[in-house]
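**Student:** Sharing coords-v2.pdb (PDB, N, CA and C atoms) below.
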ATOM      1  N   MET A  12       1.043  -9.673 -41.987
ATOM      2  CA  MET A  12       2.333  -9.800 -41.330
ATOM      3  C   MET A  12       2.523  -8.717 -40.267
ATOM      4  N   ASN A  13       2.066  -7.518 -40.564
ATOM      5  CA  ASN A  13       2.211  -6.433 -39.596
ATOM      6  C   ASN A  13       1.437  -6.721 -38.310
ATOM      7  N   ARG A  14       0.282  -7.354 -38.459
ATOM      8  CA  ARG A  14      -0.535  -7.665 -37.287
ATOM      9  C   ARG A  14       0.180  -8.686 -36.390
ATOM     10  N   ILE A  15       0.795  -9.686 -36.973
ATOM     11  CA  ILE A  15       1.516 -10.701 -36.206
ATOM     12  C   ILE A  15       2.719 -10.084 -35.500
ATOM     13  N   THR A  16       3.435  -9.219 -36.185
ATOM     14  CA  THR A  16       4.589  -8.548 -35.585
ATOM     15  C   THR A  16       4.146  -7.666 -34.424
ATOM     16  N   PHE A  17       3.059  -6.934 -34.622
ATOM     17  CA  PHE A  17       2.543  -6.063 -33.569
ATOM     18  C   PHE A  17       2.132  -6.875 -32.344
ATOM     19  N   LEU A  18       1.402  -7.963 -32.555
ATOM     20  CA  LEU A  18       0.951  -8.784 -31.430
ATOM     21  C   LEU A  18       2.126  -9.415 -30.691
ATOM     22  N   ALA A  19       3.142  -9.836 -31.426
ATOM     23  CA  ALA A  19       4.324 -10.422 -30.789
ATOM     24  C   ALA A  19       5.051  -9.385 -29.948
ATOM     25  N   LEU A  20       5.227  -8.190 -30.486
ATOM     26  CA  LEU A  20       5.901  -7.124 -29.729
ATOM     27  C   LEU A  20       5.067  -6.682 -28.530
ATOM     28  N   PHE A  21       3.758  -6.633 -28.716
ATOM     29  CA  PHE A  21       2.876  -6.249 -27.628
ATOM     30  C   PHE A  21       2.940  -7.263 -26.485
ATOM     31  N   ALA A  22       2.903  -8.537 -26.818
ATOM     32  CA  ALA A  22       2.984  -9.590 -25.803
ATOM     33  C   ALA A  22       4.326  -9.558 -25.092
ATOM     34  N   LEU A  23       5.386  -9.338 -25.831
ATOM     35  CA  LEU A  23       6.716  -9.255 -25.238
ATOM     36  C   LEU A  23       6.826  -8.051 -24.304
ATOM     37  N   GLY A  24       6.284  -6.918 -24.720
ATOM     38  CA  GLY A  24       6.284  -5.714 -23.878
ATOM     39  C   GLY A  24       5.482  -5.906 -22.611
ATOM     40  N   ALA A  25       4.329  -6.560 -22.735
ATOM     41  CA  ALA A  25       3.496  -6.821 -21.558
ATOM     42  C   ALA A  25       4.214  -7.743 -20.580
ATOM     43  N   PHE A  26       4.924  -8.719 -21.103
ATOM     44  CA  PHE A  26       5.675  -9.634 -20.242
ATOM     45  C   PHE A  26       6.733  -8.897 -19.443
ATOM     46  N   PHE A  27       7.518  -8.049 -20.107
ATOM     47  CA  PHE A  27       8.579  -7.326 -19.405
ATOM     48  C   PHE A  27       8.024  -6.243 -18.489
ATOM     49  N   ALA A  28       6.896  -5.671 -18.825
ATOM     50  CA  ALA A  28       6.280  -4.662 -17.961
ATOM     51  C   ALA A  28       5.829  -5.291 -16.650
ATOM     52  N   ASN A  29       5.353  -6.518 -16.707
ATOM     53  CA  ASN A  29       4.880  -7.200 -15.498
ATOM     54  C   ASN A  29       6.009  -7.646 -14.597
ATOM     55  N   LEU A  30       7.199  -7.780 -15.100
ATOM     56  CA  LEU A  30       8.315  -8.186 -14.255
ATOM     57  C   LEU A  30       8.596  -7.162 -13.165
ATOM     58  N   GLY A  31       8.442  -5.881 -13.469
ATOM     59  CA  GLY A  31       8.681  -4.831 -12.487
ATOM     60  C   GLY A  31       7.629  -4.770 -11.401
ATOM     61  N   PHE A  32       6.453  -5.296 -11.684
ATOM     62  CA  PHE A  32       5.354  -5.251 -10.725
ATOM     63  C   PHE A  32       4.999  -6.638 -10.234
ATOM     64  N   ALA A  33       5.974  -7.511 -10.182
ATOM     65  CA  ALA A  33       5.720  -8.903  -9.829
ATOM     66  C   ALA A  33       5.305  -9.071  -8.374
ATOM     67  N   GLN A  34       5.645  -8.130  -7.539
ATOM     68  CA  GLN A  34       5.317  -8.262  -6.130
ATOM     69  C   GLN A  34       3.853  -7.896  -5.903
ATOM     70  N   GLU A  35       3.108  -8.835  -5.378
ATOM     71  CA  GLU A  35       1.685  -8.652  -5.138
ATOM     72  C   GLU A  35       1.451  -7.880  -3.841
ATOM     73  N   ALA A  36       0.292  -7.224  -3.776
ATOM     74  CA  ALA A  36      -0.103  -6.568  -2.540
ATOM     75  C   ALA A  36      -0.498  -7.635  -1.526
ATOM     76  N   LYS A  37      -0.126  -7.433  -0.274
ATOM     77  CA  LYS A  37      -0.441  -8.377   0.798
ATOM     78  C   LYS A  37      -1.441  -7.734   1.743
ATOM     79  N   THR A  38      -2.166  -8.569   2.463
ATOM     80  CA  THR A  38      -3.144  -8.067   3.423
ATOM     81  C   THR A  38      -2.495  -7.940   4.790
ATOM     82  N   LEU A  39      -2.676  -6.784   5.386
ATOM     83  CA  LEU A  39      -2.173  -6.509   6.730
ATOM     84  C   LEU A  39      -3.361  -6.432   7.679
ATOM     85  N   GLU A  40      -3.325  -7.219   8.737
ATOM     86  CA  GLU A  40      -4.319  -7.126   9.810
ATOM     87  C   GLU A  40      -3.545  -6.852  11.086
ATOM     88  N   ALA A  41      -3.714  -5.645  11.629
ATOM     89  CA  ALA A  41      -2.894  -5.244  12.769
ATOM     90  C   ALA A  41      -3.623  -4.221  13.625
ATOM     91  N   THR A  42      -3.073  -4.029  14.819
ATOM     92  CA  THR A  42      -3.528  -2.983  15.725
ATOM     93  C   THR A  42      -2.383  -1.998  15.856
ATOM     94  N   GLY A  43      -2.708  -0.726  15.773
ATOM     95  CA  GLY A  43      -1.675   0.289  15.870
ATOM     96  C   GLY A  43      -2.258   1.681  15.825
ATOM     97  N   LYS A  44      -1.424   2.630  15.432
ATOM     98  CA  LYS A  44      -1.803   4.030  15.472
ATOM     99  C   LYS A  44      -1.388   4.733  14.181
ATOM    100  N   PHE A  45      -2.270   5.592  13.663
ATOM    101  CA  PHE A  45      -1.960   6.437  12.517
ATOM    102  C   PHE A  45      -1.476   7.794  13.022
ATOM    103  N   ILE A  46      -0.446   8.318  12.381
ATOM    104  CA  ILE A  46       0.011   9.683  12.646
ATOM    105  C   ILE A  46       0.221  10.379  11.304
ATOM    106  N   LYS A  47       0.350  11.681  11.348
ATOM    107  CA  LYS A  47       0.682  12.444  10.157
ATOM    108  C   LYS A  47       2.085  12.989  10.373
ATOM    109  N   ASN A  48       3.012  12.654   9.465
ATOM    110  CA  ASN A  48       4.394  13.105   9.645
ATOM    111  C   ASN A  48       4.556  14.561   9.192
ATOM    112  N   ASP A  49       5.774  15.084   9.314
ATOM    113  CA  ASP A  49       6.027  16.496   8.999
ATOM    114  C   ASP A  49       5.842  16.818   7.522
ATOM    115  N   LYS A  50       5.849  15.802   6.658
ATOM    116  CA  LYS A  50       5.633  16.020   5.225
ATOM    117  C   LYS A  50       4.167  15.881   4.831
ATOM    118  N   GLY A  51       3.310  15.594   5.800
ATOM    119  CA  GLY A  51       1.882  15.476   5.540
ATOM    120  C   GLY A  51       1.420  14.088   5.152
ATOM    121  N   ALA A  52       2.314  13.112   5.187
ATOM    122  CA  ALA A  52       1.944  11.739   4.843
ATOM    123  C   ALA A  52       1.339  11.042   6.058
ATOM    124  N   VAL A  53       0.377  10.174   5.804
ATOM    125  CA  VAL A  53      -0.238   9.371   6.855
ATOM    126  C   VAL A  53       0.625   8.121   7.041
ATOM    127  N   VAL A  54       1.036   7.853   8.295
ATOM    128  CA  VAL A  54       1.912   6.729   8.597
ATOM    129  C   VAL A  54       1.263   5.873   9.679
ATOM    130  N   PHE A  55       1.162   4.559   9.412
ATOM    131  CA  PHE A  55       0.623   3.618  10.387
ATOM    132  C   PHE A  55       1.773   2.858  11.021
ATOM    133  N   THR A  56       1.800   2.794  12.359
ATOM    134  CA  THR A  56       2.812   2.033  13.081
ATOM    135  C   THR A  56       2.130   0.854  13.763
ATOM    136  N   ASP A  57       2.590  -0.346  13.409
ATOM    137  CA  ASP A  57       2.050  -1.580  13.972
ATOM    138  C   ASP A  57       2.553  -1.730  15.402
ATOM    139  N   ASP A  58       1.641  -1.991  16.353
ATOM    140  CA  ASP A  58       2.025  -2.155  17.760
ATOM    141  C   ASP A  58       2.877  -3.399  17.980
ATOM    142  N   ALA A  59       2.633  -4.461  17.230
ATOM    143  CA  ALA A  59       3.321  -5.734  17.454
ATOM    144  C   ALA A  59       4.814  -5.665  17.129
ATOM    145  N   ASP A  60       5.151  -5.137  15.955
ATOM    146  CA  ASP A  60       6.556  -5.142  15.538
ATOM    147  C   ASP A  60       7.126  -3.758  15.252
ATOM    148  N   LYS A  61       6.355  -2.712  15.501
ATOM    149  CA  LYS A  61       6.769  -1.317  15.308
ATOM    150  C   LYS A  61       7.132  -0.996  13.847
ATOM    151  N   LYS A  62       6.652  -1.793  12.911
ATOM    152  CA  LYS A  62       6.902  -1.552  11.502
ATOM    153  C   LYS A  62       5.988  -0.428  11.022
ATOM    154  N   ARG A  63       6.491   0.389  10.092
ATOM    155  CA  ARG A  63       5.729   1.537   9.598
ATOM    156  C   ARG A  63       5.246   1.290   8.175
ATOM    157  N   TYR A  64       4.028   1.758   7.916
ATOM    158  CA  TYR A  64       3.400   1.647   6.607
ATOM    159  C   TYR A  64       2.937   3.048   6.204
ATOM    160  N   TYR A  65       3.313   3.476   5.022
ATOM    161  CA  TYR A  65       3.025   4.830   4.563
ATOM    162  C   TYR A  65       1.778   4.847   3.685
ATOM    163  N   GLY A  66       0.851   5.768   4.006
ATOM    164  CA  GLY A  66      -0.360   5.935   3.204
ATOM    165  C   GLY A  66       0.003   6.370   1.802
ATOM    166  N   PHE A  67      -0.417   5.604   0.812
ATOM    167  CA  PHE A  67       0.035   5.785  -0.563
ATOM    168  C   PHE A  67      -0.776   6.825  -1.324
ATOM    169  N   ASN A  68      -2.029   6.965  -1.026
ATOM    170  CA  ASN A  68      -2.869   7.823  -1.860
ATOM    171  C   ASN A  68      -3.921   8.548  -1.024
ATOM    172  N   ASP A  69      -4.702   9.381  -1.697
ATOM    173  CA  ASP A  69      -5.728  10.156  -1.008
ATOM    174  C   ASP A  69      -6.851   9.274  -0.474
ATOM    175  N   GLY A  70      -7.097   8.123  -1.108
ATOM    176  CA  GLY A  70      -8.129   7.206  -0.624
ATOM    177  C   GLY A  70      -7.811   6.695   0.770
ATOM    178  N   VAL A  71      -6.541   6.393   1.036
ATOM    179  CA  VAL A  71      -6.120   5.944   2.362
ATOM    180  C   VAL A  71      -6.303   7.079   3.361
ATOM    181  N   LYS A  72      -5.856   8.269   3.003
ATOM    182  CA  LYS A  72      -5.983   9.422   3.904
ATOM    183  C   LYS A  72      -7.442   9.723   4.216
ATOM    184  N   LYS A  73      -8.302   9.565   3.215
ATOM    185  CA  LYS A  73      -9.724   9.832   3.406
ATOM    186  C   LYS A  73     -10.361   8.811   4.349
ATOM    187  N   LYS A  74     -10.001   7.522   4.198
ATOM    188  CA  LYS A  74     -10.567   6.485   5.065
ATOM    189  C   LYS A  74     -10.078   6.609   6.499
ATOM    190  N   VAL A  75      -8.831   7.055   6.682
ATOM    191  CA  VAL A  75      -8.301   7.229   8.035
ATOM    192  C   VAL A  75      -9.055   8.356   8.724
ATOM    193  N   GLY A  76      -9.268   9.443   8.027
ATOM    194  CA  GLY A  76     -10.070  10.556   8.517
ATOM    195  C   GLY A  76      -9.686  11.024   9.900
ATOM    196  N   ASP A  77     -10.619  10.911  10.858
ATOM    197  CA  ASP A  77     -10.396  11.406  12.216
ATOM    198  C   ASP A  77      -9.816  10.342  13.143
ATOM    199  N   MET A  78      -9.314   9.260  12.586
ATOM    200  CA  MET A  78      -8.703   8.197  13.393
ATOM    201  C   MET A  78      -7.226   8.463  13.680
ATOM    202  N   LEU A  79      -6.714   9.619  13.307
ATOM    203  CA  LEU A  79      -5.320   9.963  13.595
ATOM    204  C   LEU A  79      -5.095   9.991  15.101
ATOM    205  N   ASN A  80      -3.954   9.487  15.532
ATOM    206  CA  ASN A  80      -3.534   9.461  16.938
ATOM    207  C   ASN A  80      -4.463   8.648  17.841
ATOM    208  N   LYS A  81      -5.223   7.717  17.259
ATOM    209  CA  LYS A  81      -6.068   6.810  18.030
ATOM    210  C   LYS A  81      -5.636   5.386  17.729
ATOM    211  N   LYS A  82      -5.756   4.510  18.713
ATOM    212  CA  LYS A  82      -5.439   3.101  18.510
ATOM    213  C   LYS A  82      -6.564   2.469  17.694
ATOM    214  N   VAL A  83      -6.192   1.798  16.592
ATOM    215  CA  VAL A  83      -7.186   1.229  15.689
ATOM    216  C   VAL A  83      -6.851  -0.221  15.331
ATOM    217  N   ASN A  84      -7.897  -0.965  14.969
ATOM    218  CA  ASN A  84      -7.739  -2.277  14.353
ATOM    219  C   ASN A  84      -7.864  -2.039  12.854
ATOM    220  N   LEU A  85      -6.893  -2.522  12.106
ATOM    221  CA  LEU A  85      -6.798  -2.195  10.692
ATOM    222  C   LEU A  85      -6.690  -3.446   9.845
ATOM    223  N   LYS A  86      -7.365  -3.423   8.722
ATOM    224  CA  LYS A  86      -7.185  -4.429   7.675
ATOM    225  C   LYS A  86      -6.950  -3.632   6.397
ATOM    226  N   ALA A  87      -5.777  -3.841   5.768
ATOM    227  CA  ALA A  87      -5.404  -3.042   4.601
ATOM    228  C   ALA A  87      -4.526  -3.837   3.653
ATOM    229  N   LYS A  88      -4.412  -3.357   2.430
ATOM    230  CA  LYS A  88      -3.508  -3.928   1.433
ATOM    231  C   LYS A  88      -2.213  -3.120   1.464
ATOM    232  N   VAL A  89      -1.088  -3.831   1.566
ATOM    233  CA  VAL A  89       0.221  -3.175   1.614
ATOM    234  C   VAL A  89       1.133  -3.789   0.564
ATOM    235  N   LYS A  90       2.119  -3.000   0.139
ATOM    236  CA  LYS A  90       3.041  -3.442  -0.896
ATOM    237  C   LYS A  90       4.415  -2.854  -0.615
ATOM    238  N   LYS A  91       5.428  -3.697  -0.664
ATOM    239  CA  LYS A  91       6.810  -3.250  -0.483
ATOM    240  C   LYS A  91       7.233  -2.493  -1.732
ATOM    241  N   LYS A  92       7.774  -1.297  -1.555
ATOM    242  CA  LYS A  92       8.196  -0.490  -2.698
ATOM    243  C   LYS A  92       9.519  -1.019  -3.237
ATOM    244  N   GLU A  93       9.565  -1.223  -4.547
ATOM    245  CA  GLU A  93      10.771  -1.722  -5.215
ATOM    246  C   GLU A  93      11.917  -0.733  -5.040
ATOM    247  N   GLY A  94      13.060  -1.226  -4.632
ATOM    248  CA  GLY A  94      14.252  -0.397  -4.532
ATOM    249  C   GLY A  94      14.274   0.564  -3.360
ATOM    250  N   ALA A  95      13.331   0.437  -2.437
ATOM    251  CA  ALA A  95      13.287   1.327  -1.281
ATOM    252  C   ALA A  95      13.032   0.502  -0.031
ATOM    253  N   LYS A  96      13.215   1.128   1.103
ATOM    254  CA  LYS A  96      13.029   0.431   2.373
ATOM    255  C   LYS A  96      11.644   0.630   2.971
ATOM    256  N   ILE A  97      10.751   1.306   2.264
ATOM    257  CA  ILE A  97       9.434   1.586   2.830
ATOM    258  C   ILE A  97       8.383   0.619   2.291
ATOM    259  N   THR A  98       7.320   0.476   3.066
ATOM    260  CA  THR A  98       6.175  -0.321   2.661
ATOM    261  C   THR A  98       4.989   0.624   2.527
ATOM    262  N   LEU A  99       4.299   0.529   1.393
ATOM    263  CA  LEU A  99       3.183   1.422   1.103
ATOM    264  C   LEU A  99       1.856   0.761   1.433
ATOM    265  N   MET A 100       0.935   1.536   1.990
ATOM    266  CA  MET A 100      -0.424   1.091   2.224
ATOM    267  C   MET A 100      -1.237   1.603   1.046
ATOM    268  N   THR A 101      -1.719   0.683   0.207
ATOM    269  CA  THR A 101      -2.390   1.091  -1.018
ATOM    270  C   THR A 101      -3.901   1.184  -0.888
ATOM    271  N   TYR A 102      -4.489   0.431   0.058
ATOM    272  CA  TYR A 102      -5.940   0.412   0.190
ATOM    273  C   TYR A 102      -6.328  -0.008   1.610
ATOM    274  N   VAL A 103      -7.257   0.692   2.201
ATOM    275  CA  VAL A 103      -7.771   0.348   3.531
ATOM    276  C   VAL A 103      -9.073  -0.414   3.352
ATOM    277  N   VAL A 104      -9.090  -1.669   3.775
ATOM    278  CA  VAL A 104     -10.296  -2.505   3.679
ATOM    279  C   VAL A 104     -11.251  -2.117   4.804
ATOM    280  N   SER A 105     -10.749  -2.100   6.050
ATOM    281  CA  SER A 105     -11.575  -1.688   7.186
ATOM    282  C   SER A 105     -10.692  -1.085   8.264
ATOM    283  N   ILE A 106     -11.290  -0.152   8.981
ATOM    284  CA  ILE A 106     -10.606   0.510  10.089
ATOM    285  C   ILE A 106     -11.631   0.756  11.187
ATOM    286  N   LYS A 107     -11.296   0.304  12.412
ATOM    287  CA  LYS A 107     -12.193   0.478  13.553
ATOM    288  C   LYS A 107     -11.356   0.878  14.760
ATOM    289  N   GLU A 108     -11.927   1.702  15.598
ATOM    290  CA  GLU A 108     -11.226   2.094  16.811
ATOM    291  C   GLU A 108     -11.097   0.895  17.741
ATOM    292  N   ALA A 109      -9.883   0.685  18.266
ATOM    293  CA  ALA A 109      -9.611  -0.436  19.168
ATOM    294  C   ALA A 109     -10.107  -0.093  20.562
ATOM    295  N   LYS A 110     -10.500  -1.136  21.285
ATOM    296  CA  LYS A 110     -10.994  -0.915  22.648
ATOM    297  C   LYS A 110      -9.946  -1.247  23.659
TER     298      LYS A 110
END
Would you write the structure of this file as structure tokens?
**Tutor:**
Amino acid sequence: MNRITFLALFALGAFFANLGFAQEAKTLEATGKFIKNDKGAVVFTDDADKKRYYGFNDGVKKKVGDMLNKKVNLKAKVKKKEGAKITLMTYVVSIKEAK
């Protein structure tokens, strides 16, 4: 009986935990420029719509590397942050200098 109760509670907990993360990461393909803001965060600004995407982790910062302040073609995974107005860049698939 304890095993059935545990599995039921575990499944219920997993269901409610996933509700908060229901928003999937989307793929962004854009041309724009990376800058580093005054707080040290890497920020990508899309040339087409001037929307900003904030580098979420050290992996993004590492892949951007010396591409700061250069026009680049970017393919990355982005996710809208729950309860905030910012969009996070969680993973850089590819980054190349634009011509």
**Student:** So that I can see what lies close to Ala59 (chain A), please list as number ranges by chain the residues with an atom at most 8 Å from it, counting all atoms listed in the file and leaving out residues fewer than 4 positions away in the same chain.
**Tutor:** A: 41-43
**Student:** Mind pulling up the distance from CA of Ser105 (chain A) to CA of Tyr65 (chain A)?
**Tutor:**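 Separation between CA of Tyr65 (chain A) and CA of Ser105 (chain A): 16.2 Å.
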**Student:** Can you work out which one of A:Val53, A:Lys62, A:Val104, A:Lys73 has the shortest atom-to-atom distance to Lys88 (chain A), counting only N, CA and C atoms?
**Tutor:** A:Val104
**Student:** From the set A:Leu79, A:Leu18, A:Ala36, A:Ile46, which residue has the shortest atom-to-atom contact distance to Thr101 (chain A), counting only N, CA and C atoms?
**Tutor:**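 Between A:Leu79, A:Leu18, A:Ala36, A:Ile46, the residue approaching Thr101 (chain A) most closely is A:Ala36.
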**Student:** So how far away is CA of Glu40 (chain A) from CA of Ala109 (chain A), in Å?
**Tutor:**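 One can read the CA of Ala109 (chain A) to CA of Glu40 (chain A) distance as 12.7 Å.
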**Student:** What's the separation between CA of Gly51 (chain A) and CA of Ile97 (chain A), in Å to one decimal place?
**Tutor:**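 Result for CA of Gly51 (chain A) versus CA of Ile97 (chain A): 16.0 Å, one decimal.
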**Student:** Is it possible to get the axis-aligned box enclosing region 63-72 of chain A (all listed atoms, 4 Å extra per side) as AutoDock Vina command-line options, with centre and edge lengths in Å rounded to one decimal?
**Tutor:**
--center_x -0.8 --center_y 5.3 --center_z 4.1 --size_x 22.6 --size_y 17.8 --size_z 20.0
**Student:** Using only C-alpha atoms, which of the listed residues (A:Leu20, A:Ala52, A:Leu39, A:Ile15) sits closest to Val71 (chain A)?
**Tutor:**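 Checking each candidate against Val71 (chain A), we get A:Ala52 as the closest.
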**Student:** Running the PyMOL selection byres (((chain A and resi 102 and name CA) around 10) and name CA) on this model by hand, what would come out? Give it as a ChimeraX atom specification.
**Tutor:** /A:36,38,66-72,74,86-90,99-101,103-105
**Student:** Run DSSP on the backbone and tell me which residues of chain A come out as strand (DSSP E or B); list them as a count of residues only.
**Tutor:** 42
**Student:** Can you check which residues of region 32-89 of chain A DSSP gives as alpha helix (DSSP H) on the backbone and send them as a VMD selection string?
**Tutor:** chain A and resid 69 to 75
**Student:** Could you list the residues chosen by the PyMOL selection byres ((chain A and resi 82) around 6) in this structure as a list in words?
**Tutor:** Gly43, Lys44, Asn80, Lys81, Val83, Asn84, Lys107, Glu108 and Ala109 of chain A
